[in-house]
Amino acid sequence: MSSAAGFDKSRLARLDAFVKERYLDTGLLPNAQVLVARDGEIAHFSSQGTAREGGKAIDEGSLFRIASMTKPITSVAFMMLLEEGKVALDTPVHHVLPEFKGLGVYNGGGAGVPFLTKACERPMQMVDLLRHTSGLTYGFQNRTNIDAAMREGKFENWHGNLDLDEFVAALGKLPLEFSPGTAWNYSVSTDVLGAVVQRLSGLSLDQFFATRIFQPLKMDDTFFAVPEGKVDRLTDCYTFVPGKGRVMYDRGAESAWSRMPRQLSGGGGLVSTALDYHRFCQMLLNGGELEGERIVGRKTLELMTMNHLPDGGDLASWSKSLFSEATNAGVGFGLGFAVNINPAANMIPGSTGEYYWGGMFSTAFFVDPVEKVHMVFMTQLSPSSVYPIRRELKTLIYSALV
């Protein structure tokens with residue numbers, strides 16, 4: 001048995017065969033990139049499939065829309081400002097975003113009838129934005145009159161509609177789904193957090209990311225809009241349509257992600273590469289530092305990766321959400337990440353304290369501080385719930401640890 005970085009090589013090799021046979025040969029996914037690292041060393045990095053329809057194979061330079069894998073970056077940005085004493089976790093959100101002052105909880109109305117509200121039990125705090133207990137929602141949840149109003153107002157249409165300040169102002173006119181801190185709902189909370197970062201820092205979100213995070217970490221291929229000279233590296237993106245299968249959603253050659261959006265989405269707007277996101281994960285695993293550049297403090301990261309759901313609960317007991325990037329049992333939520341609090345309830349090999357998230361185009365990452373392992377997975381198919389590939393990859397990776 002040969003091993004690299006504490007992995008059984010022959011077992012790690014199963015990853016590529018599995019992905020090829022189950023997902024690529026069958027046409028379920030357009031491509032797949034799997035990066036596994038341990039103790040700062042890349043133990044496995046493979047690229048399979050084509051970058052564009054009828055085009056060349058993906059490679060380490062391929063650019064992927066990482067969607068909600070933007071959220072941990074926005075959360076780290078906020079915690080950097082917290083470390084500077086500019087804000088605290090229990091700071092009421094309306095202290096920084098006055099548009100949120102006097103928000104109420106839904107108590108009837110909508111669908112053409114004025115909303116009725118009742119008072120919140122307490123004001124929304126910054127911690128609620130980080131852990132999705134804010135009472136906000138997403139337009140695509142399709143559950144309530146509030147998300148219907150968000151769809152009607154095109155709140156989440158990044159191009160040509162609301163900028164980040166206008167987005168916050170529009171949200172401030174809608175009721176919350178529940179009183180902050182009383183439930184968990186996957187939402188635009190992290191987009192609102194991006195507005196908080198802008199107001200506190202005096203920089204636009206893209207400038208803050210570039211100067212404070214991406215440049216120090218040498219993440220030269222991570223951005224909201226792909227620069228002209230790199231557009232040829234942007235992959236095609238697909239969506240799954242029941243009865244039709246995989247259909248084109250956004251062509252790399254004329255992608256919406258090659259134009260600067262009007263609304264900078266801290267919840268889902270970034271494009272990146274596996275190697276860039278690997279550097280972000282390695283910084284997290286190193287306790288906030290990479291190659292001499294400290295982004296965030298070790299104890300701050302410890303705080304971020306604890307379970308912050310009230311009463312130590314899991315998403316199964318707290319989630320109001322139909323859509324989620326996580327299986328719910330045994331999964332807590334920290335400040336920007338899901339946190340594994342019970343691998344037995346989760347029913348996948350893993351470690352207590354491992355944290356992770358994914359994006360709607362089926363990209364994913366996890367960081368395991370116990371085993372010093374992290375993974376970055378890239379492909380481009382929405383929604384992320386179509387196939388259980390994240391769970392399968394995790395099982396294969398942990399089965400290869402020696």
# chains A, B, ... in the order shown; residues from 1 in each chain; ligands from 1
>>> residues_around(residues="region 171-174 of chain A", least_positions_apart="3", cutoff="9 Å", atoms="only C-alpha atoms", output="NGL selection string")
:A and (98-106 or 115 or 136 or 146 or 149-150 or 155 or 166-168)
>>> select_by_dssp(residues="region 57-142 of chain A", states="strand (DSSP E or B)", output="CSV table (one decimal) with N, CA and C atoms, in the first residue's frame")
chain,number,residue,atom,x,y,z
A,57,ALA,N,-10.9,20.0,-22.6
A,57,ALA,CA,-11.1,19.5,-21.2
A,57,ALA,C,-10.9,20.6,-20.2
A,63,LEU,N,-12.4,28.2,-14.7
A,63,LEU,CA,-13.2,29.1,-13.7
A,63,LEU,C,-14.6,28.6,-13.6
A,64,PHE,N,-15.0,28.5,-12.3
A,64,PHE,CA,-16.4,28.0,-12.0
A,64,PHE,C,-17.1,29.0,-11.2
A,65,ARG,N,-18.4,29.1,-11.4
A,65,ARG,CA,-19.3,30.0,-10.6
A,65,ARG,C,-19.5,29.2,-9.2
A,92,PRO,N,-27.1,45.2,17.0
A,92,PRO,CA,-28.3,45.2,16.2
A,92,PRO,C,-28.0,45.6,14.7
A,104,GLY,N,-40.8,44.3,11.3
A,104,GLY,CA,-41.7,43.5,12.0
A,104,GLY,C,-41.8,42.0,11.4
A,105,VAL,N,-42.5,41.2,12.1
A,105,VAL,CA,-42.7,39.8,11.7
A,105,VAL,C,-44.0,39.6,11.0
A,106,TYR,N,-44.1,38.9,9.9
A,106,TYR,CA,-45.3,38.7,9.1
A,106,TYR,C,-46.5,38.2,10.0
A,110,GLY,N,-50.2,40.3,1.9
A,110,GLY,CA,-49.4,39.9,0.8
A,110,GLY,C,-50.3,39.5,-0.4
A,113,VAL,N,-52.4,42.3,-1.1
A,113,VAL,CA,-53.0,42.9,0.1
A,113,VAL,C,-51.8,43.4,0.9
A,117,THR,N,-47.9,43.2,10.2
A,117,THR,CA,-46.8,42.7,11.0
A,117,THR,C,-47.1,42.8,12.5
A,118,LYS,N,-46.3,42.0,13.2
A,118,LYS,CA,-46.2,42.2,14.7
A,118,LYS,C,-44.8,42.4,15.1
A,119,ALA,N,-44.6,42.9,16.3
A,119,ALA,CA,-43.2,43.3,16.7
A,119,ALA,C,-42.3,42.0,16.9
A,125,GLN,N,-29.8,40.7,15.1
A,125,GLN,CA,-28.4,41.0,15.4
A,125,GLN,C,-27.5,40.5,14.3
>>> residues_around(residues="region 14-22 of chain A", least_positions_apart="4", cutoff="7 Å", atoms="only C-alpha atoms", output="JSON, numbers by chain")
{"A": [10, 26, 393, 396]}
>>> closest_residue(among="A:Arg298, A:Asp39, A:Arg212, A:Leu309", to="Ser134 (chain A)", atoms="only C-alpha atoms")
A:Leu309
>>> residues_around(residues="Ile341 (chain A)", least_positions_apart="2", cutoff="7 Å", atoms="only C-alpha atoms", output="list of chain:residue names")
A:Gly330, A:Val331, A:Gly332, A:Val339, A:Pro343, A:Thr352, A:Gly353
>>> atom_distance(atom1="CA of Asp163 (chain A)", atom2="CA of Pro261 (chain A)")
8.6 Å
>>> residues_around(residues="region 214-220 of chain A", least_positions_apart="4", cutoff="8 Å", atoms="only C-alpha atoms", output="list in words")
Phe209, Ala210, Asp276, Tyr277, Arg279, Phe280, Leu290, Glu293 and Ile295 of chain A
>>> closest_residue(among="A:Ala195, A:Val96, A:Met304, A:Leu270", to="Leu335 (chain A)", atoms="only C-alpha atoms")
A:Met304
